[in-house]
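Engineer: One file is attached below, query.tsv, containing TSV, C-alpha atoms and all ligand atoms.
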chain	number	residue	atom	x	y	z
A	1	MET	CA	28.55	-10.77	-4.55
A	2	LEU	CA	30.56	-12.63	-2.00
A	3	PRO	CA	34.31	-12.34	-1.56
A	4	GLU	CA	36.80	-14.63	-3.22
A	5	THR	CA	38.37	-16.26	-0.22
A	6	THR	CA	40.21	-19.45	0.49
A	7	PRO	CA	38.83	-21.91	3.03
A	8	ALA	CA	41.58	-20.82	5.40
A	9	ASP	CA	40.79	-17.09	5.32
A	10	ASP	CA	37.10	-17.04	4.60
A	11	GLY	CA	35.89	-15.77	7.95
A	12	THR	CA	33.78	-18.87	8.57
A	13	PRO	CA	32.92	-18.96	12.26
A	14	PRO	CA	34.68	-21.85	14.02
A	15	GLN	CA	32.51	-24.82	14.96
A	16	SER	CA	32.19	-25.42	18.65
A	17	ALA	CA	32.85	-28.95	19.95
A	18	GLY	CA	29.17	-29.40	20.76
A	19	ASP	CA	27.95	-28.12	17.40
A	20	ARG	CA	27.58	-31.04	14.99
A	21	ARG	CA	26.02	-29.09	12.13
A	22	PRO	CA	28.10	-28.84	8.93
A	23	ALA	CA	30.40	-25.78	8.82
A	24	ASP	CA	28.53	-24.46	5.76
A	25	ARG	CA	25.23	-24.31	7.60
A	26	VAL	CA	26.84	-22.69	10.63
A	27	ALA	CA	28.38	-20.04	8.34
A	28	LEU	CA	25.05	-19.30	6.66
A	29	SER	CA	23.08	-18.99	9.87
A	30	ALA	CA	25.84	-16.82	11.41
A	31	ASP	CA	25.79	-14.55	8.34
A	32	LEU	CA	22.00	-14.36	8.39
A	33	ARG	CA	22.16	-13.19	12.00
A	34	ALA	CA	24.96	-10.74	11.16
A	35	ALA	CA	22.84	-9.38	8.28
A	36	LEU	CA	20.09	-8.18	10.65
A	37	PRO	CA	21.40	-4.62	11.21
A	38	ASP	CA	22.10	-4.36	7.50
A	39	ALA	CA	18.62	-5.60	6.60
A	40	THR	CA	17.09	-3.15	9.10
A	41	ALA	CA	18.94	-0.28	7.40
A	42	ALA	CA	17.65	-1.55	4.04
A	43	VAL	CA	14.06	-1.56	5.32
A	44	LEU	CA	14.47	2.03	6.57
A	45	VAL	CA	15.88	3.11	3.19
A	46	THR	CA	12.99	1.35	1.43
A	47	ALA	CA	10.51	3.16	3.69
A	48	GLY	CA	12.16	6.49	2.85
A	49	VAL	CA	12.00	5.82	-0.90
A	50	PHE	CA	8.38	4.67	-0.56
A	51	ALA	CA	7.44	7.90	1.24
A	52	PHE	CA	9.22	9.95	-1.45
A	53	LEU	CA	7.44	8.11	-4.29
A	54	TYR	CA	4.10	8.32	-2.44
A	55	VAL	CA	4.34	12.10	-2.05
A	56	ARG	CA	5.41	12.51	-5.70
A	57	MET	CA	2.46	10.43	-6.91
A	58	GLU	CA	0.06	12.37	-4.70
A	59	SER	CA	1.36	15.74	-5.94
A	60	GLY	CA	1.26	14.66	-9.60
A	61	ASP	CA	5.05	15.17	-10.03
A	62	SER	CA	5.71	11.45	-10.37
A	63	ALA	CA	7.24	10.29	-13.66
A	64	THR	CA	5.34	7.01	-13.14
A	65	VAL	CA	2.05	8.94	-13.41
A	66	ALA	CA	3.32	10.73	-16.51
A	67	VAL	CA	4.01	7.32	-18.10
A	68	MET	CA	0.81	5.68	-16.79
A	69	PRO	CA	-1.75	8.44	-16.13
A	70	PHE	CA	-4.30	6.05	-14.61
A	71	MET	CA	-1.88	5.47	-11.74
A	72	ASP	CA	-2.57	8.76	-9.98
A	73	ASP	CA	-3.70	7.57	-6.56
A	74	PRO	CA	-0.95	6.38	-4.17
A	75	HIS	CA	-3.61	5.09	-1.77
A	76	THR	CA	-4.73	2.58	-4.42
A	77	TYR	CA	-1.33	1.81	-5.94
A	78	TRP	CA	0.69	1.59	-2.72
A	79	MET	CA	1.84	-1.97	-3.49
A	80	TYR	CA	3.22	-0.84	-6.84
A	81	LEU	CA	5.05	2.01	-5.07
A	82	LEU	CA	6.41	-0.43	-2.49
A	83	SER	CA	7.63	-2.68	-5.31
A	84	GLN	CA	9.42	0.30	-6.86
A	85	ALA	CA	10.91	1.23	-3.47
A	86	PHE	CA	12.24	-2.32	-2.93
A	87	GLY	CA	13.62	-2.19	-6.48
A	88	TRP	CA	15.62	0.93	-5.61
A	89	SER	CA	16.90	-0.33	-2.26
A	90	GLY	CA	17.76	-3.65	-3.98
A	91	LEU	CA	19.73	-1.85	-6.65
A	92	LEU	CA	21.48	0.33	-4.07
A	93	TRP	CA	22.47	-2.70	-2.00
A	94	ALA	CA	23.58	-4.55	-5.14
A	95	TRP	CA	25.77	-1.54	-5.97
A	96	GLY	CA	27.27	-1.54	-2.47
A	97	THR	CA	27.95	-5.25	-2.33
A	98	VAL	CA	29.52	-5.27	-5.83
A	99	MET	CA	31.76	-2.33	-4.83
A	100	LEU	CA	32.83	-4.20	-1.68
A	101	GLY	CA	33.50	-7.38	-3.68
A	102	LEU	CA	35.63	-5.49	-6.20
A	103	LEU	CA	37.53	-3.75	-3.38
A	104	LEU	CA	38.33	-7.16	-1.90
A	105	SER	CA	39.37	-8.88	-5.12
A	106	GLY	CA	41.19	-5.95	-6.75
A	107	PRO	CA	44.38	-4.06	-5.84
A	108	ARG	CA	44.67	-3.76	-2.07
A	109	PRO	CA	44.09	-0.11	-1.05
A	110	ALA	CA	47.05	1.28	0.93
A	111	ARG	CA	44.79	2.10	3.86
A	112	LEU	CA	41.33	0.83	4.72
A	113	PRO	CA	39.07	2.40	7.37
A	114	VAL	CA	38.18	-1.10	8.62
A	115	SER	CA	39.91	-4.48	8.60
A	116	ARG	CA	39.70	-6.85	5.64
A	117	GLN	CA	37.68	-9.32	7.74
A	118	VAL	CA	35.09	-6.63	8.44
A	119	LEU	CA	34.91	-5.74	4.73
A	120	GLU	CA	34.40	-9.43	3.90
A	121	ARG	CA	31.65	-9.74	6.46
A	122	TRP	CA	29.91	-6.61	5.11
A	123	HIS	CA	30.20	-8.05	1.60
A	124	ARG	CA	28.52	-11.28	2.70
A	125	THR	CA	25.75	-9.63	4.72
A	126	THR	CA	24.94	-6.98	2.10
A	127	SER	CA	24.70	-9.64	-0.58
A	128	LEU	CA	22.21	-11.63	1.54
A	129	THR	CA	20.18	-8.46	2.06
A	130	THR	CA	20.31	-7.69	-1.69
A	131	MET	CA	18.74	-11.05	-2.54
A	132	ALA	CA	15.93	-10.45	-0.04
A	133	LEU	CA	15.27	-6.95	-1.43
A	134	MET	CA	15.19	-8.19	-5.04
A	135	PHE	CA	12.71	-10.88	-4.05
A	136	ALA	CA	10.54	-8.38	-2.13
A	137	HIS	CA	10.50	-6.12	-5.21
A	138	ALA	CA	9.18	-8.90	-7.45
A	139	LEU	CA	6.77	-10.13	-4.75
A	140	MET	CA	5.15	-6.71	-4.32
A	141	PHE	CA	4.76	-6.45	-8.09
A	142	ALA	CA	2.98	-9.84	-8.04
A	143	ALA	CA	0.79	-8.63	-5.13
A	144	GLU	CA	-0.19	-5.51	-7.11
A	145	LEU	CA	-1.18	-7.64	-10.10
A	146	VAL	CA	-3.29	-9.91	-7.88
A	147	ARG	CA	-5.02	-6.84	-6.39
A	148	TYR	CA	-5.61	-5.38	-9.83
A	149	GLU	CA	-7.15	-8.40	-11.59
A	150	THR	CA	-10.50	-8.05	-9.79
A	151	GLU	CA	-12.57	-9.57	-12.60
A	152	LEU	CA	-10.79	-12.96	-12.30
A	153	ALA	CA	-11.53	-15.76	-9.82
A	154	TRP	CA	-9.12	-15.94	-6.87
A	155	ALA	CA	-7.10	-18.91	-8.14
A	156	GLU	CA	-6.68	-17.21	-11.53
A	157	ARG	CA	-5.72	-13.94	-9.88
A	158	LEU	CA	-3.03	-15.63	-7.82
A	159	TRP	CA	-1.73	-17.51	-10.83
A	160	ALA	CA	-1.69	-14.36	-13.02
A	161	GLY	CA	0.27	-12.40	-10.39
A	162	PHE	CA	2.75	-15.23	-9.86
A	163	ALA	CA	3.25	-16.10	-13.55
A	164	ASP	CA	3.58	-12.51	-14.77
A	165	SER	CA	6.19	-11.80	-12.11
A	166	PHE	CA	8.14	-15.04	-11.81
A	167	VAL	CA	7.71	-17.14	-14.98
A	168	PRO	CA	10.10	-15.97	-17.71
A	169	GLY	CA	8.30	-15.15	-20.94
A	170	TRP	CA	4.83	-15.09	-19.38
A	171	TYR	CA	4.48	-11.33	-19.18
A	172	ASP	CA	3.66	-10.28	-22.73
A	173	SER	CA	2.95	-6.57	-22.69
A	174	GLY	CA	5.13	-3.76	-24.13
A	175	THR	CA	8.69	-3.23	-22.94
A	176	GLY	CA	8.04	-5.73	-20.14
A	177	ARG	CA	8.34	-8.60	-22.62
A	178	PHE	CA	12.10	-7.99	-22.51
A	179	ALA	CA	12.58	-6.04	-19.28
A	180	ILE	CA	10.83	-8.52	-16.96
A	181	PRO	CA	12.86	-11.59	-18.07
A	182	ILE	CA	16.04	-9.50	-17.65
A	183	GLY	CA	15.03	-8.74	-14.05
A	184	GLN	CA	14.10	-12.38	-13.49
A	185	GLY	CA	17.48	-13.42	-14.90
A	186	ALA	CA	19.19	-11.16	-12.35
A	187	LEU	CA	17.14	-12.58	-9.46
A	188	TYR	CA	17.51	-16.22	-10.50
A	189	LEU	CA	21.27	-15.93	-11.04
A	190	ALA	CA	21.88	-13.95	-7.85
A	191	VAL	CA	20.58	-16.68	-5.59
A	192	PRO	CA	22.82	-19.61	-6.67
A	193	LEU	CA	25.87	-17.44	-7.38
A	194	GLY	CA	25.59	-15.83	-3.96
A	195	LEU	CA	24.65	-18.88	-1.90
A	196	LEU	CA	27.21	-21.27	-3.48
A	197	PHE	CA	29.66	-19.64	-1.06
A	198	TYR	CA	28.07	-21.62	1.73
A	199	ILE	CA	28.71	-24.98	0.07
A	200	ARG	CA	32.17	-24.17	-1.26
A	201	HIS	CA	33.69	-26.85	0.98
A	202	ARG	CA	31.73	-29.39	-1.01
A	203	ILE	CA	32.18	-28.03	-4.54
A	204	GLY	CA	35.79	-26.90	-4.06
A	205	ALA	CA	37.12	-23.39	-3.56
A	206	ASN	CA	38.28	-23.09	-7.17
A	207	THR	CA	34.91	-24.05	-8.63
A	208	TRP	CA	33.22	-21.61	-6.29
A	209	ARG	CA	35.62	-18.83	-7.23
A	210	ARG	CA	35.19	-19.44	-10.97
A	211	LEU	CA	31.39	-19.40	-10.69
A	212	HIS	CA	31.22	-16.44	-8.34
A	213	ARG	CA	33.02	-14.28	-10.89
A	214	PHE	CA	29.83	-14.28	-13.00
A	215	VAL	CA	27.96	-12.42	-10.28
A	216	ILE	CA	28.85	-9.20	-12.11
A	217	VAL	CA	26.32	-10.36	-14.74
A	218	VAL	CA	23.61	-10.12	-12.04
A	219	TYR	CA	24.50	-6.50	-11.47
A	220	VAL	CA	24.62	-5.65	-15.18
A	221	LEU	CA	21.20	-7.30	-15.71
A	222	SER	CA	19.76	-5.36	-12.74
A	223	VAL	CA	20.92	-2.01	-14.10
A	224	TRP	CA	19.81	-2.89	-17.62
A	225	HIS	CA	16.35	-3.92	-16.34
A	226	THR	CA	16.05	-0.62	-14.44
A	227	LEU	CA	17.13	1.58	-17.35
A	228	LEU	CA	14.73	-0.26	-19.63
A	229	TYR	CA	11.67	-0.41	-17.37
A	230	GLY	CA	11.91	1.94	-14.41
A	231	THR	CA	9.29	4.63	-14.92
A	232	ASN	CA	11.05	6.93	-12.46
A	233	VAL	CA	14.05	6.91	-14.81
A	234	TRP	CA	11.91	6.80	-17.96
A	235	TYR	CA	12.63	10.36	-19.05
A	236	GLY	CA	15.97	11.98	-19.80
A	237	GLU	CA	15.98	13.85	-16.49
A	238	TRP	CA	18.30	13.92	-13.46
A	239	PRO	CA	17.30	10.56	-11.91
A	240	ARG	CA	18.42	8.76	-15.09
A	241	THR	CA	21.68	10.75	-15.18
A	242	VAL	CA	22.40	9.84	-11.54
A	243	LEU	CA	21.74	6.16	-12.30
A	244	TRP	CA	24.23	6.24	-15.18
A	245	LEU	CA	26.77	8.19	-13.07
A	246	LEU	CA	26.60	5.59	-10.29
A	247	GLN	CA	27.87	2.99	-12.71
A	248	LEU	CA	31.14	4.84	-13.24
A	249	PRO	CA	32.84	3.85	-9.93
A	250	VAL	CA	31.74	0.22	-10.46
A	251	ALA	CA	33.25	0.16	-13.96
A	252	VAL	CA	36.49	1.81	-12.77
A	253	LEU	CA	36.85	-0.65	-9.86
A	254	LEU	CA	36.12	-3.56	-12.22
A	255	LEU	CA	38.83	-2.36	-14.60
A	256	LEU	CA	41.32	-1.99	-11.72
A	257	ARG	CA	40.37	-5.40	-10.38
A	258	LEU	CA	41.08	-6.96	-13.79
A	259	LEU	CA	44.32	-5.04	-14.31
A	260	ARG	CA	45.68	-5.63	-10.80
A	261	PRO	CA	43.88	-8.62	-9.25
A	262	ALA	CA	44.56	-9.42	-5.59
A	263	ARG	CA	45.35	-13.03	-6.60
A	264	ARG	CA	48.53	-13.15	-8.64
A	265	ALA	CA	47.27	-16.23	-10.52
A	266	GLN	CA	44.59	-14.04	-12.12
A	267	ALA	CA	47.05	-11.50	-13.54
A	268	LEU	CA	47.26	-11.23	-17.32
A	269	GLY	CA	50.94	-12.28	-17.57
A	270	ALA	CA	52.38	-13.54	-20.84
A	271	PRO	CA	50.48	-16.17	-22.87
A	272	GLY	CA	51.71	-19.74	-23.14
A	273	ARG	CA	54.50	-19.45	-20.50
A	274	ARG	CA	55.11	-22.52	-18.37
A	275	GLY	CA	52.88	-22.29	-15.30
A	276	GLY	CA	51.12	-19.31	-16.89
A	277	VAL	CA	47.81	-19.04	-18.73
A	278	SER	CA	47.14	-20.75	-22.10
A	279	LEU	CA	46.81	-18.62	-25.24
A	280	PRO	CA	42.96	-18.92	-25.42
A	281	GLY	CA	42.78	-18.15	-21.68
A	282	TRP	CA	45.05	-15.16	-22.13
A	283	THR	CA	42.91	-13.90	-25.03
A	284	VAL	CA	39.74	-14.11	-22.91
A	285	ARG	CA	41.44	-12.23	-20.07
A	286	ALA	CA	42.81	-9.57	-22.40
A	287	CYS	CA	39.38	-9.10	-24.04
A	288	GLY	CA	37.80	-8.74	-20.58
A	289	ARG	CA	40.20	-5.94	-19.73
A	290	VAL	CA	39.60	-4.16	-23.04
A	291	ALA	CA	35.82	-4.52	-22.60
A	292	ALA	CA	35.97	-3.06	-19.06
A	293	GLY	CA	38.04	-0.14	-20.37
A	294	ALA	CA	35.50	0.40	-23.16
A	295	VAL	CA	32.66	0.44	-20.60
A	296	VAL	CA	34.41	3.20	-18.61
A	297	VAL	CA	34.85	5.28	-21.77
A	298	GLY	CA	31.26	4.53	-22.87
A	299	LEU	CA	29.85	5.64	-19.51
A	300	LEU	CA	31.82	8.90	-19.67
A	301	ILE	CA	30.45	9.57	-23.16
A	302	VAL	CA	26.86	8.83	-22.10
A	303	VAL	CA	27.04	11.12	-19.08
A	304	ALA	CA	28.89	13.94	-20.87
A	305	SER	CA	26.71	13.85	-24.00
A	306	GLY	CA	23.36	13.34	-22.26
A	307	HIS	CA	22.50	10.61	-24.81
A	308	ASP	CA	21.35	8.23	-22.09
A	309	GLY	CA	18.31	6.59	-23.68
A	310	GLY	CA	15.87	8.73	-21.72
A	311	ARG	CA	12.65	9.76	-23.46
A	312	GLU	CA	11.27	13.27	-23.76
A	313	ARG	CA	8.53	13.92	-21.17
A	314	PRO	CA	5.35	14.58	-23.20
A	315	ALA	CA	3.45	17.82	-22.65
A	316	ALA	CA	0.20	15.80	-22.52
A	317	PRO	CA	0.00	12.32	-20.92
A	318	PRO	CA	0.08	9.35	-23.36
A	319	SER	CA	-3.14	7.45	-23.97
A	320	THR	CA	-1.57	3.98	-23.45
A	321	SER	CA	0.73	2.63	-20.78
A	322	PRO	CA	3.97	0.73	-21.42
A	323	HIS	CA	3.41	-1.95	-18.83
A	324	ALA	CA	1.17	-3.50	-16.22
A	325	PRO	CA	-1.13	-3.12	-14.57
A	326	GLU	CA	-2.68	-2.77	-17.98
A	327	PRO	CA	-4.80	0.32	-18.59
A	328	GLU	CA	-8.53	-0.14	-18.82
B	1	LIG	C1	11.37	-11.35	-10.87
B	1	LIG	C2	12.11	-10.31	-11.17
B	1	LIG	C3	11.63	-8.90	-11.38
B	1	LIG	C4	10.39	-8.40	-11.72
B	1	LIG	C5	9.10	-9.15	-11.98
B	1	LIG	C6	10.51	-6.96	-11.78
B	1	LIG	C7	9.48	-6.07	-12.11
B	1	LIG	C8	9.64	-4.71	-12.31
B	1	LIG	C9	8.65	-3.81	-12.84
B	1	LIG	C10	7.26	-4.20	-13.28
B	1	LIG	C11	9.19	-2.57	-12.86
B	1	LIG	C12	8.54	-1.29	-13.35
B	1	LIG	C13	8.15	-0.43	-12.18
B	1	LIG	C14	7.96	1.00	-12.60
B	1	LIG	O1	6.87	1.39	-13.03
B	1	LIG	O2	8.90	1.78	-12.48
B	1	LIG	C15	10.51	-2.67	-12.33
B	1	LIG	C16	11.36	-1.60	-12.14
B	1	LIG	C17	12.52	-1.68	-11.41
B	1	LIG	N1	13.16	-2.82	-11.01
B	1	LIG	FE1	12.49	-4.71	-11.28
B	1	LIG	N2	11.79	-6.61	-11.45
B	1	LIG	C18	12.50	-7.76	-11.21
B	1	LIG	C19	13.84	-7.84	-10.85
B	1	LIG	C20	14.60	-6.77	-10.46
B	1	LIG	C21	15.93	-6.86	-9.91
B	1	LIG	C22	16.72	-8.14	-9.70
B	1	LIG	C23	16.32	-5.61	-9.61
B	1	LIG	C24	17.62	-5.19	-8.98
B	1	LIG	C25	17.70	-4.79	-7.80
B	1	LIG	C26	15.23	-4.70	-9.96
B	1	LIG	C27	15.22	-3.33	-9.77
B	1	LIG	C28	14.28	-2.47	-10.30
B	1	LIG	C29	14.33	-1.02	-10.20
B	1	LIG	C30	15.38	-0.21	-9.47
B	1	LIG	C31	13.23	-0.52	-10.90
B	1	LIG	C32	12.85	0.95	-11.11
B	1	LIG	C33	11.63	1.32	-10.25
B	1	LIG	C34	11.19	2.76	-10.48
B	1	LIG	O3	11.24	3.26	-11.60
B	1	LIG	O4	10.79	3.40	-9.50
B	1	LIG	N3	14.20	-5.45	-10.49
B	1	LIG	N4	10.76	-3.99	-12.03
Using structure tokens, write down the structure from this file.
Structural biologist:
Amino acid sequence: MLPETTPADDGTPPQSAGDRRPADRVALSADLRAALPDATAAVLVTAGVFAFLYVRMESGDSATVAVMPFMDDPHTYWMYLLSQAFGWSGLLWAWGTVMLGLLLSGPRPARLPVSRQVLERWHRTTSLTTMALMFAHALMFAAELVRYETELAWAERLWAGFADSFVPGWYDSGTGRFAIPIGQGALYLAVPLGLLFYIRHRIGANTWRRLHRFVIVVYVLSVWHTLLYGTNVWYGEWPRTVLWLLQLPVAVLLLLRLLRPARRAQALGAPGRRGGVSLPGWTVRACGRVAAGAVVVGLLIVVASGHDGGRERPAAPPSTSPHAPEPE
């Protein structure tokens, strides 16, 4: 989620003569400070989403309550609601930082409202905020599980909450058996792929750039996890349609970035030419471009047809719940 930059144009703050800390650490602490306004905005957005979900649960309009009827009291389940709210702000910030990254690494727009340096800084700060929001989402889910498991001893409660939320494969109920490890995969990949930026002087700019490319997988896993497990997008109603629609600009920017990369060395070119890309390399690049094009077409079909994987909202609430906290 961080920009592909060279050491010379990476926006790293210069080290002062008296500052003997490594440049990487200076860059990280400077970015953490710069992320404060961004993180504050994220907290405000999370609070807004929380209030919205709280009111919907209280009024009985919440899709979460339709999926899990026992969860009808926001006063009791506020930690679950806060987890959902952090999930949404995390996904929104992930969307924003991926869009910024694609803007920076794709064809240069003729005119930008702000300088490239500012865009790069926003990309770095929003990606730091995204990681924090993803972690807060999982942490609040763990806290809800700890609160819920009242019949266990404290040590067991803490372990259950931690393991169900953070240990891949531990959570073994319903859709969560697949959806939770997908979310964990997104979180666990986001951290190294994002933070490697700050040690790129040690691992080499090329290695960093090659690895950072895979950050798009984090985003895909996050969206997949949400479509699979988010109870507020469980039914084939407008929230699910909006979630699908939001993926369209990301897919279009990804396609443009692959077709017209900012770095000429990443262009498709002709295979096997001297100084160009090898035939296997060319094939991988060509397949990537075809796949991105197919995703754009696929998204258009999903949105236009309404076949978006959403379930039908039942007239009467179901007797079992798809995921934790488990029903009594
Ligand atoms: C350790 C990793 C993770 C765990 C344990 C986890 C857990 C959960 C659970 C239990 C739900 C269902 C909540 C519901 O009833 O709707 C959920 C939904 C969701 N998750 Fe995650 N998640 C993880 C990672 C992520 C990541 C990386 C993202 C991306 C930002 C994310 C975004 C979301 C969103 C947007 C929802 C939908 C919430 C709603 O429907 O209101 N999650 N997650």
Engineer: Would you please work out which residue, of A:Trp122, A:Trp208, A:Phe70, A:Phe135, is nearest to ligand LIG 1 (chain B) when using all atoms listed in the file?
Structural biologist: A:Phe135
Engineer: Write out as a PyMOL selection string the residues lying within 12 Å of Ile216 in chain A, counting all atoms listed in the file and excluding same-chain residues fewer than 2 positions away.
Structural biologist: chain A and resi 1-2+94-95+97-99+101-102+186+189-190+193-194+211-214+218-223+250-251+253-254+292
Engineer: I want to know what sits within 12 Å of Gly269 in chain A, based on only C-alpha atoms, with residues of the same chain fewer than 3 positions away left out; could you give that as a PyMOL selection string?
Structural biologist: chain A and resi 258-261+264-266+272-279+281-283+285-286
Engineer: Find, counting all atoms listed in the file, the residue in A:Ala30, A:Leu299, A:Leu187, A:Ala291 that gets nearest to Leu246 in chain A.
Structural biologist: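 Among A:Ala30, A:Leu299, A:Leu187, A:Ala291, it is A:Leu299 that comes nearest to Leu246 in chain A.
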Engineer: Let me have all residues with an atom within 6 Å of ligand LIG 1 (chain B), counting all atoms listed in the file, laid out as number ranges by chain.
Structural biologist: A: 64, 84, 87-88, 90-91, 134, 138, 165-166, 180, 183-184, 186-187, 222, 226, 229-233
Engineer: For Gly176 in chain A, find every residue with an atom within 10 Å (counting all atoms listed in the file), except residues of its own chain fewer than 3 positions away, and show them as a short mmCIF file (atom, residue, chain, number, x, y, z; two decimals) with C-alpha atoms, in the frame of the given file.
Structural biologist:
data_model
loop_
_atom_site.label_atom_id
_atom_site.label_comp_id
_atom_site.auth_asym_id
_atom_site.auth_seq_id
_atom_site.Cartn_x
_atom_site.Cartn_y
_atom_site.Cartn_z
CA ASP A 164 3.58 -12.51 -14.77
CA GLY A 169 8.30 -15.15 -20.94
CA TRP A 170 4.83 -15.09 -19.38
CA TYR A 171 4.48 -11.33 -19.18
CA ASP A 172 3.66 -10.28 -22.73
CA SER A 173 2.95 -6.57 -22.69
CA ALA A 179 12.58 -6.04 -19.28
CA ILE A 180 10.83 -8.52 -16.96
CA PRO A 181 12.86 -11.59 -18.07
CA ILE A 182 16.04 -9.50 -17.65
CA GLY A 183 15.03 -8.74 -14.05
CA HIS A 225 16.35 -3.92 -16.34
CA LEU A 228 14.73 -0.26 -19.63
CA TYR A 229 11.67 -0.41 -17.37
CA PRO A 322 3.97 0.73 -21.42
CA HIS A 323 3.41 -1.95 -18.83
CA ALA A 324 1.17 -3.50 -16.22
#
Engineer: Please measure the separation of CA of Ser105 in chain A and CA of Pro192 in chain A, giving the value in Å to one decimal.
Structural biologist: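 Going from CA of Ser105 in chain A over to CA of Pro192 in chain A, I get 19.8 Å.
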